[in-house]
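What follows is a single structure, written as structure tokens, with notes after it.
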Amino acid sequence: MHKNLDKIFSSFSGKKEEVIPILQEVQEELGYLPEEALRHTAGFVGLPYSRVYGVATFYARFHLNPRGRNIIRLCCGTACHVRGAKKVSDKIADLLQVGVGETTANMNFTFEEVACIGACGLAPVMTINDKTFGKLEPDKAVNILEAFDETGEGDQP
């Protein structure tokens, strides 16, 4: 891991103002921000580990745990909520045996709930990676996930 980090750090000067772009590049390289990478970054920019950890946990785009190959984002905004997103969420969590924000043991899926996807006309709606699936019902969501293979391919039934 240190070789990867050192390569990333080589394009920065080590100023504390560079923490966010450094963390972005580290996460891009490693897929998440493990504790060792946060500690190494803190040393590089001359900040306490707690400050770098604080930055990493403040921004929702940073992840401290490994993520699955496929990211499921279920909208829980007003339109989706009213049209049954909670039932869909419960069904997905039950099928995958994970809670919201968790990753399946086989690293195939990470399940997230988001405030809005911006497709209210399709409510309730979810995305898997860059594919959008709308007008969901619990069983329809299960069919989509079961059709979704590990390469990230899946079609809306």
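Residue numbers start at 1 in each chain; chains themselves are named A, B, ... in the order of the structure tokens; ligands are numbered from 1 in the order shown.
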
Would you please extract all helix (DSSP H, G or I) residues from chain A, as assigned by DSSP on the backbone, and give them as a PDB file with N, CA and C atoms, in the first residue's frame?
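Resulting contents of selection.pdb:
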ATOM      1  N   HIS A   2       2.005   1.200   0.707  1.00  0.00           N
ATOM      2  CA  HIS A   2       2.841   2.394   0.800  1.00  0.00           C
ATOM      3  C   HIS A   2       3.356   2.861  -0.564  1.00  0.00           C
ATOM      4  N   LYS A   3       3.648   1.912  -1.458  1.00  0.00           N
ATOM      5  CA  LYS A   3       4.116   2.291  -2.796  1.00  0.00           C
ATOM      6  C   LYS A   3       3.031   3.060  -3.535  1.00  0.00           C
ATOM      7  N   ASN A   4       1.774   2.585  -3.429  1.00  0.00           N
ATOM      8  CA  ASN A   4       0.655   3.280  -4.070  1.00  0.00           C
ATOM      9  C   ASN A   4       0.500   4.680  -3.496  1.00  0.00           C
ATOM     10  N   LEU A   5       0.591   4.792  -2.176  1.00  0.00           N
ATOM     11  CA  LEU A   5       0.431   6.099  -1.532  1.00  0.00           C
ATOM     12  C   LEU A   5       1.572   7.025  -1.905  1.00  0.00           C
ATOM     13  N   ASP A   6       2.789   6.511  -1.886  1.00  0.00           N
ATOM     14  CA  ASP A   6       3.937   7.350  -2.228  1.00  0.00           C
ATOM     15  C   ASP A   6       3.833   7.880  -3.655  1.00  0.00           C
ATOM     16  N   LYS A   7       3.317   7.062  -4.556  1.00  0.00           N
ATOM     17  CA  LYS A   7       3.121   7.506  -5.931  1.00  0.00           C
ATOM     18  C   LYS A   7       2.101   8.647  -5.976  1.00  0.00           C
ATOM     19  N   ILE A   8       1.008   8.504  -5.231  1.00  0.00           N
ATOM     20  CA  ILE A   8      -0.006   9.566  -5.168  1.00  0.00           C
ATOM     21  C   ILE A   8       0.589  10.823  -4.551  1.00  0.00           C
ATOM     22  N   PHE A   9       1.285  10.667  -3.450  1.00  0.00           N
ATOM     23  CA  PHE A   9       1.856  11.821  -2.739  1.00  0.00           C
ATOM     24  C   PHE A   9       2.871  12.572  -3.591  1.00  0.00           C
ATOM     25  N   LYS A  16      -1.347  21.047   4.174  1.00  0.00           N
ATOM     26  CA  LYS A  16      -2.586  20.593   4.800  1.00  0.00           C
ATOM     27  C   LYS A  16      -3.806  20.887   3.926  1.00  0.00           C
ATOM     28  N   GLU A  17      -3.730  21.910   3.084  1.00  0.00           N
ATOM     29  CA  GLU A  17      -4.837  22.265   2.200  1.00  0.00           C
ATOM     30  C   GLU A  17      -5.091  21.197   1.135  1.00  0.00           C
ATOM     31  N   GLU A  18      -4.157  20.269   0.989  1.00  0.00           N
ATOM     32  CA  GLU A  18      -4.280  19.234  -0.041  1.00  0.00           C
ATOM     33  C   GLU A  18      -4.949  17.952   0.470  1.00  0.00           C
ATOM     34  N   VAL A  19      -5.395  17.957   1.723  1.00  0.00           N
ATOM     35  CA  VAL A  19      -5.953  16.729   2.307  1.00  0.00           C
ATOM     36  C   VAL A  19      -7.081  16.160   1.460  1.00  0.00           C
ATOM     37  N   ILE A  20      -8.044  16.965   1.081  1.00  0.00           N
ATOM     38  CA  ILE A  20      -9.195  16.443   0.336  1.00  0.00           C
ATOM     39  C   ILE A  20      -8.778  15.875  -1.018  1.00  0.00           C
ATOM     40  N   PRO A  21      -8.027  16.603  -1.837  1.00  0.00           N
ATOM     41  CA  PRO A  21      -7.634  15.987  -3.117  1.00  0.00           C
ATOM     42  C   PRO A  21      -6.763  14.744  -2.939  1.00  0.00           C
ATOM     43  N   ILE A  22      -5.937  14.725  -1.900  1.00  0.00           N
ATOM     44  CA  ILE A  22      -5.128  13.531  -1.655  1.00  0.00           C
ATOM     45  C   ILE A  22      -6.040  12.355  -1.305  1.00  0.00           C
ATOM     46  N   LEU A  23      -6.985  12.580  -0.396  1.00  0.00           N
ATOM     47  CA  LEU A  23      -7.901  11.504  -0.012  1.00  0.00           C
ATOM     48  C   LEU A  23      -8.725  11.025  -1.203  1.00  0.00           C
ATOM     49  N   GLN A  24      -9.109  11.946  -2.076  1.00  0.00           N
ATOM     50  CA  GLN A  24      -9.854  11.548  -3.272  1.00  0.00           C
ATOM     51  C   GLN A  24      -9.013  10.603  -4.138  1.00  0.00           C
ATOM     52  N   GLU A  25      -7.761  10.934  -4.322  1.00  0.00           N
ATOM     53  CA  GLU A  25      -6.896  10.084  -5.152  1.00  0.00           C
ATOM     54  C   GLU A  25      -6.596   8.755  -4.474  1.00  0.00           C
ATOM     55  N   VAL A  26      -6.408   8.788  -3.154  1.00  0.00           N
ATOM     56  CA  VAL A  26      -6.163   7.542  -2.427  1.00  0.00           C
ATOM     57  C   VAL A  26      -7.375   6.627  -2.558  1.00  0.00           C
ATOM     58  N   GLN A  27      -8.568   7.188  -2.372  1.00  0.00           N
ATOM     59  CA  GLN A  27      -9.774   6.375  -2.491  1.00  0.00           C
ATOM     60  C   GLN A  27      -9.951   5.856  -3.910  1.00  0.00           C
ATOM     61  N   GLU A  28      -9.629   6.663  -4.892  1.00  0.00           N
ATOM     62  CA  GLU A  28      -9.722   6.221  -6.283  1.00  0.00           C
ATOM     63  C   GLU A  28      -8.791   5.024  -6.520  1.00  0.00           C
ATOM     64  N   GLU A  29      -7.624   5.079  -5.944  1.00  0.00           N
ATOM     65  CA  GLU A  29      -6.635   4.009  -6.113  1.00  0.00           C
ATOM     66  C   GLU A  29      -7.000   2.746  -5.334  1.00  0.00           C
ATOM     67  N   LEU A  30      -7.411   2.902  -4.073  1.00  0.00           N
ATOM     68  CA  LEU A  30      -7.634   1.751  -3.193  1.00  0.00           C
ATOM     69  C   LEU A  30      -9.093   1.300  -3.130  1.00  0.00           C
ATOM     70  N   GLU A  35      -7.530   2.707   7.464  1.00  0.00           N
ATOM     71  CA  GLU A  35      -6.880   3.471   8.535  1.00  0.00           C
ATOM     72  C   GLU A  35      -5.412   3.743   8.224  1.00  0.00           C
ATOM     73  N   GLU A  36      -4.708   2.754   7.719  1.00  0.00           N
ATOM     74  CA  GLU A  36      -3.296   2.926   7.407  1.00  0.00           C
ATOM     75  C   GLU A  36      -3.078   4.059   6.397  1.00  0.00           C
ATOM     76  N   ALA A  37      -3.949   4.157   5.412  1.00  0.00           N
ATOM     77  CA  ALA A  37      -3.829   5.219   4.407  1.00  0.00           C
ATOM     78  C   ALA A  37      -4.110   6.583   5.032  1.00  0.00           C
ATOM     79  N   LEU A  38      -5.093   6.645   5.935  1.00  0.00           N
ATOM     80  CA  LEU A  38      -5.381   7.913   6.625  1.00  0.00           C
ATOM     81  C   LEU A  38      -4.194   8.337   7.472  1.00  0.00           C
ATOM     82  N   ARG A  39      -3.583   7.392   8.177  1.00  0.00           N
ATOM     83  CA  ARG A  39      -2.414   7.714   9.019  1.00  0.00           C
ATOM     84  C   ARG A  39      -1.239   8.183   8.164  1.00  0.00           C
ATOM     85  N   HIS A  40      -1.027   7.498   7.054  1.00  0.00           N
ATOM     86  CA  HIS A  40       0.079   7.868   6.158  1.00  0.00           C
ATOM     87  C   HIS A  40      -0.165   9.263   5.564  1.00  0.00           C
ATOM     88  N   THR A  41      -1.402   9.543   5.203  1.00  0.00           N
ATOM     89  CA  THR A  41      -1.757  10.868   4.676  1.00  0.00           C
ATOM     90  C   THR A  41      -1.545  11.942   5.738  1.00  0.00           C
ATOM     91  N   ALA A  42      -1.968  11.650   6.958  1.00  0.00           N
ATOM     92  CA  ALA A  42      -1.787  12.614   8.056  1.00  0.00           C
ATOM     93  C   ALA A  42      -0.315  12.956   8.226  1.00  0.00           C
ATOM     94  N   GLY A  43       0.528  11.954   8.193  1.00  0.00           N
ATOM     95  CA  GLY A  43       1.969  12.201   8.312  1.00  0.00           C
ATOM     96  C   GLY A  43       2.503  13.033   7.161  1.00  0.00           C
ATOM     97  N   PHE A  44       2.017  12.755   5.970  1.00  0.00           N
ATOM     98  CA  PHE A  44       2.496  13.474   4.789  1.00  0.00           C
ATOM     99  C   PHE A  44       2.139  14.955   4.832  1.00  0.00           C
ATOM    100  N   VAL A  45       0.940  15.281   5.287  1.00  0.00           N
ATOM    101  CA  VAL A  45       0.511  16.682   5.302  1.00  0.00           C
ATOM    102  C   VAL A  45       0.769  17.361   6.646  1.00  0.00           C
ATOM    103  N   TYR A  49      -3.737  12.580  13.001  1.00  0.00           N
ATOM    104  CA  TYR A  49      -4.610  11.570  12.406  1.00  0.00           C
ATOM    105  C   TYR A  49      -6.078  11.943  12.612  1.00  0.00           C
ATOM    106  N   SER A  50      -6.417  12.458  13.787  1.00  0.00           N
ATOM    107  CA  SER A  50      -7.813  12.779  14.102  1.00  0.00           C
ATOM    108  C   SER A  50      -8.387  13.820  13.140  1.00  0.00           C
ATOM    109  N   ARG A  51      -7.576  14.745  12.687  1.00  0.00           N
ATOM    110  CA  ARG A  51      -8.062  15.755  11.733  1.00  0.00           C
ATOM    111  C   ARG A  51      -8.337  15.135  10.373  1.00  0.00           C
ATOM    112  N   VAL A  52      -7.445  14.285   9.910  1.00  0.00           N
ATOM    113  CA  VAL A  52      -7.626  13.632   8.616  1.00  0.00           C
ATOM    114  C   VAL A  52      -8.817  12.674   8.695  1.00  0.00           C
ATOM    115  N   TYR A  53      -8.942  11.956   9.790  1.00  0.00           N
ATOM    116  CA  TYR A  53     -10.099  11.083   9.999  1.00  0.00           C
ATOM    117  C   TYR A  53     -11.381  11.905  10.009  1.00  0.00           C
ATOM    118  N   GLY A  54     -11.344  13.057  10.628  1.00  0.00           N
ATOM    119  CA  GLY A  54     -12.506  13.947  10.662  1.00  0.00           C
ATOM    120  C   GLY A  54     -12.933  14.390   9.273  1.00  0.00           C
ATOM    121  N   VAL A  55     -11.990  14.696   8.426  1.00  0.00           N
ATOM    122  CA  VAL A  55     -12.305  15.075   7.043  1.00  0.00           C
ATOM    123  C   VAL A  55     -12.936  13.887   6.316  1.00  0.00           C
ATOM    124  N   ALA A  56     -12.324  12.706   6.494  1.00  0.00           N
ATOM    125  CA  ALA A  56     -12.807  11.515   5.787  1.00  0.00           C
ATOM    126  C   ALA A  56     -14.212  11.117   6.230  1.00  0.00           C
ATOM    127  N   THR A  57     -14.552  11.369   7.477  1.00  0.00           N
ATOM    128  CA  THR A  57     -15.882  10.978   7.956  1.00  0.00           C
ATOM    129  C   THR A  57     -16.909  12.087   7.767  1.00  0.00           C
ATOM    130  N   PHE A  58     -16.474  13.310   7.531  1.00  0.00           N
ATOM    131  CA  PHE A  58     -17.402  14.416   7.325  1.00  0.00           C
ATOM    132  C   PHE A  58     -18.062  14.332   5.952  1.00  0.00           C
ATOM    133  N   THR A  78     -38.988  12.211  -0.865  1.00  0.00           N
ATOM    134  CA  THR A  78     -40.424  12.276  -0.584  1.00  0.00           C
ATOM    135  C   THR A  78     -41.258  11.433  -1.543  1.00  0.00           C
ATOM    136  N   ALA A  79     -41.073  11.611  -2.846  1.00  0.00           N
ATOM    137  CA  ALA A  79     -41.887  10.866  -3.811  1.00  0.00           C
ATOM    138  C   ALA A  79     -41.656   9.369  -3.668  1.00  0.00           C
ATOM    139  N   CYS A  80     -40.414   8.965  -3.509  1.00  0.00           N
ATOM    140  CA  CYS A  80     -40.107   7.537  -3.381  1.00  0.00           C
ATOM    141  C   CYS A  80     -40.628   6.988  -2.053  1.00  0.00           C
ATOM    142  N   HIS A  81     -40.478   7.779  -1.011  1.00  0.00           N
ATOM    143  CA  HIS A  81     -40.974   7.357   0.301  1.00  0.00           C
ATOM    144  C   HIS A  81     -42.486   7.110   0.255  1.00  0.00           C
ATOM    145  N   VAL A  82     -43.203   8.071  -0.314  1.00  0.00           N
ATOM    146  CA  VAL A  82     -44.658   7.973  -0.392  1.00  0.00           C
ATOM    147  C   VAL A  82     -45.083   6.756  -1.215  1.00  0.00           C
ATOM    148  N   ALA A  85     -40.774   3.202  -0.884  1.00  0.00           N
ATOM    149  CA  ALA A  85     -39.344   2.917  -0.841  1.00  0.00           C
ATOM    150  C   ALA A  85     -38.942   2.106   0.389  1.00  0.00           C
ATOM    151  N   LYS A  86     -39.610   2.315   1.515  1.00  0.00           N
ATOM    152  CA  LYS A  86     -39.268   1.584   2.743  1.00  0.00           C
ATOM    153  C   LYS A  86     -39.474   0.082   2.546  1.00  0.00           C
ATOM    154  N   LYS A  87     -40.561  -0.316   1.916  1.00  0.00           N
ATOM    155  CA  LYS A  87     -40.804  -1.736   1.663  1.00  0.00           C
ATOM    156  C   LYS A  87     -39.752  -2.309   0.719  1.00  0.00           C
ATOM    157  N   VAL A  88     -39.361  -1.516  -0.272  1.00  0.00           N
ATOM    158  CA  VAL A  88     -38.318  -1.953  -1.206  1.00  0.00           C
ATOM    159  C   VAL A  88     -36.991  -2.090  -0.456  1.00  0.00           C
ATOM    160  N   SER A  89     -36.678  -1.115   0.385  1.00  0.00           N
ATOM    161  CA  SER A  89     -35.450  -1.159   1.171  1.00  0.00           C
ATOM    162  C   SER A  89     -35.394  -2.400   2.053  1.00  0.00           C
ATOM    163  N   ASP A  90     -36.485  -2.673   2.741  1.00  0.00           N
ATOM    164  CA  ASP A  90     -36.534  -3.848   3.618  1.00  0.00           C
ATOM    165  C   ASP A  90     -36.317  -5.133   2.828  1.00  0.00           C
ATOM    166  N   LYS A  91     -36.906  -5.213   1.644  1.00  0.00           N
ATOM    167  CA  LYS A  91     -36.789  -6.413   0.809  1.00  0.00           C
ATOM    168  C   LYS A  91     -35.353  -6.585   0.309  1.00  0.00           C
ATOM    169  N   ILE A  92     -34.717  -5.485  -0.114  1.00  0.00           N
ATOM    170  CA  ILE A  92     -33.329  -5.548  -0.583  1.00  0.00           C
ATOM    171  C   ILE A  92     -32.416  -5.980   0.557  1.00  0.00           C
ATOM    172  N   ALA A  93     -32.575  -5.360   1.711  1.00  0.00           N
ATOM    173  CA  ALA A  93     -31.740  -5.703   2.867  1.00  0.00           C
ATOM    174  C   ALA A  93     -31.901  -7.170   3.247  1.00  0.00           C
ATOM    175  N   ASP A  94     -33.136  -7.659   3.189  1.00  0.00           N
ATOM    176  CA  ASP A  94     -33.405  -9.054   3.515  1.00  0.00           C
ATOM    177  C   ASP A  94     -32.772  -9.991   2.489  1.00  0.00           C
ATOM    178  N   LEU A  95     -32.920  -9.670   1.216  1.00  0.00           N
ATOM    179  CA  LEU A  95     -32.355 -10.498   0.152  1.00  0.00           C
ATOM    180  C   LEU A  95     -30.832 -10.567   0.251  1.00  0.00           C
ATOM    181  N   LEU A  96     -30.202  -9.400   0.448  1.00  0.00           N
ATOM    182  CA  LEU A  96     -28.737  -9.340   0.464  1.00  0.00           C
ATOM    183  C   LEU A  96     -28.134  -9.679   1.821  1.00  0.00           C
ATOM    184  N   CYS A 120     -38.078  11.517  -9.885  1.00  0.00           N
ATOM    185  CA  CYS A 120     -39.315  11.391  -9.105  1.00  0.00           C
ATOM    186  C   CYS A 120     -40.449  10.747  -9.887  1.00  0.00           C
ATOM    187  N   GLY A 121     -40.475  10.931 -11.189  1.00  0.00           N
ATOM    188  CA  GLY A 121     -41.515  10.333 -12.012  1.00  0.00           C
ATOM    189  C   GLY A 121     -41.426   8.818 -12.067  1.00  0.00           C
ATOM    190  N   LEU A 122     -40.286   8.269 -11.673  1.00  0.00           N
ATOM    191  CA  LEU A 122     -40.090   6.823 -11.672  1.00  0.00           C
ATOM    192  C   LEU A 122     -40.224   6.226 -10.270  1.00  0.00           C
ATOM    193  N   PRO A 138     -41.284  -4.260  -4.121  1.00  0.00           N
ATOM    194  CA  PRO A 138     -40.300  -5.153  -3.511  1.00  0.00           C
ATOM    195  C   PRO A 138     -39.896  -6.337  -4.392  1.00  0.00           C
ATOM    196  N   ASP A 139     -40.857  -7.036  -4.965  1.00  0.00           N
ATOM    197  CA  ASP A 139     -40.534  -8.206  -5.785  1.00  0.00           C
ATOM    198  C   ASP A 139     -39.804  -7.831  -7.070  1.00  0.00           C
ATOM    199  N   LYS A 140     -40.130  -6.681  -7.630  1.00  0.00           N
ATOM    200  CA  LYS A 140     -39.447  -6.217  -8.835  1.00  0.00           C
ATOM    201  C   LYS A 140     -37.975  -5.924  -8.518  1.00  0.00           C
ATOM    202  N   ALA A 141     -37.719  -5.332  -7.360  1.00  0.00           N
ATOM    203  CA  ALA A 141     -36.343  -5.055  -6.955  1.00  0.00           C
ATOM    204  C   ALA A 141     -35.558  -6.361  -6.794  1.00  0.00           C
ATOM    205  N   VAL A 142     -36.191  -7.374  -6.222  1.00  0.00           N
ATOM    206  CA  VAL A 142     -35.544  -8.682  -6.073  1.00  0.00           C
ATOM    207  C   VAL A 142     -35.202  -9.259  -7.447  1.00  0.00           C
ATOM    208  N   ASN A 143     -36.130  -9.194  -8.381  1.00  0.00           N
ATOM    209  CA  ASN A 143     -35.879  -9.716  -9.734  1.00  0.00           C
ATOM    210  C   ASN A 143     -34.709  -8.995 -10.396  1.00  0.00           C
ATOM    211  N   ILE A 144     -34.626  -7.698 -10.201  1.00  0.00           N
ATOM    212  CA  ILE A 144     -33.522  -6.921 -10.779  1.00  0.00           C
ATOM    213  C   ILE A 144     -32.201  -7.372 -10.182  1.00  0.00           C
ATOM    214  N   LEU A 145     -32.147  -7.495  -8.867  1.00  0.00           N
ATOM    215  CA  LEU A 145     -30.892  -7.892  -8.209  1.00  0.00           C
ATOM    216  C   LEU A 145     -30.486  -9.310  -8.582  1.00  0.00           C
ATOM    217  N   GLU A 146     -31.462 -10.193  -8.691  1.00  0.00           N
ATOM    218  CA  GLU A 146     -31.140 -11.568  -9.081  1.00  0.00           C
ATOM    219  C   GLU A 146     -30.640 -11.646 -10.519  1.00  0.00           C
ATOM    220  N   ALA A 147     -31.098 -10.735 -11.389  1.00  0.00           N
ATOM    221  CA  ALA A 147     -30.652 -10.715 -12.782  1.00  0.00           C
ATOM    222  C   ALA A 147     -29.300 -10.026 -12.950  1.00  0.00           C
TER     223      ALA A 147
END

Worksheet item: Neighbours of Gly134 of chain A within 7 Å (only C-alpha atoms; same-chain residues fewer than 4 positions away dropped), as a list in words?
Response: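 Result of the neighbour search: Leu122, Ala123, Pro124, Val125 and Met126 of chain A.
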
So that each row is one residue of segment 19-48 of chain A with an atom at most 6 Å from segment 59-71 of chain A, can you give its shortest atom pair and the distance in Å to one decimal, using only C-alpha atoms, rows by chain and rising number, as a Markdown table?
| residue | atom | partner | partner_atom | distance |
| --- | --- | --- | --- | --- |
| A:Tyr32 | CA | A:His63 | CA | 5.1 |
| A:Leu33 | CA | A:Leu64 | CA | 4.8 |
| A:Pro34 | CA | A:Leu64 | CA | 5.7 |

Discussion item. For the strand (DSSP E) assignment from backbone DSSP, which residues of segment 38-91 of chain A qualify? Please present them as JSON, numbers by chain.
Written reply: {"A": [70, 71, 72, 73, 74, 75]}

Keeping only N, CA and C atoms, take the residues you just selected and write them out as a short mmCIF file (atom, residue, chain, number, x, y, z; two decimals), in the first residue's frame.
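Listed below is the output, again_33.cif:
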data_model
loop_
_atom_site.label_atom_id
_atom_site.label_comp_id
_atom_site.auth_asym_id
_atom_site.auth_seq_id
_atom_site.Cartn_x
_atom_site.Cartn_y
_atom_site.Cartn_z
N ASN A 70 -20.74 -3.55 -7.16
CA ASN A 70 -21.95 -2.88 -7.63
C ASN A 70 -22.55 -2.08 -6.49
N ILE A 71 -22.80 -0.81 -6.73
CA ILE A 71 -23.34 0.08 -5.72
C ILE A 71 -24.83 0.29 -5.99
N ILE A 72 -25.65 -0.15 -5.04
CA ILE A 72 -27.10 0.04 -5.12
C ILE A 72 -27.42 1.31 -4.35
N ARG A 73 -28.08 2.25 -5.00
CA ARG A 73 -28.55 3.46 -4.33
C ARG A 73 -30.06 3.52 -4.46
N LEU A 74 -30.74 3.39 -3.34
CA LEU A 74 -32.19 3.45 -3.32
C LEU A 74 -32.61 4.84 -2.86
N CYS A 75 -33.44 5.49 -3.66
CA CYS A 75 -33.92 6.82 -3.32
C CYS A 75 -34.95 6.72 -2.20
#

Fill in: Separation of atom CA of Gly99 of chain A from atom CA of Lys135 of chain A in Å
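If I compute the distance from atom CA of Lys135 of chain A to atom CA of Gly99 of chain A, I get 22.2 Å.
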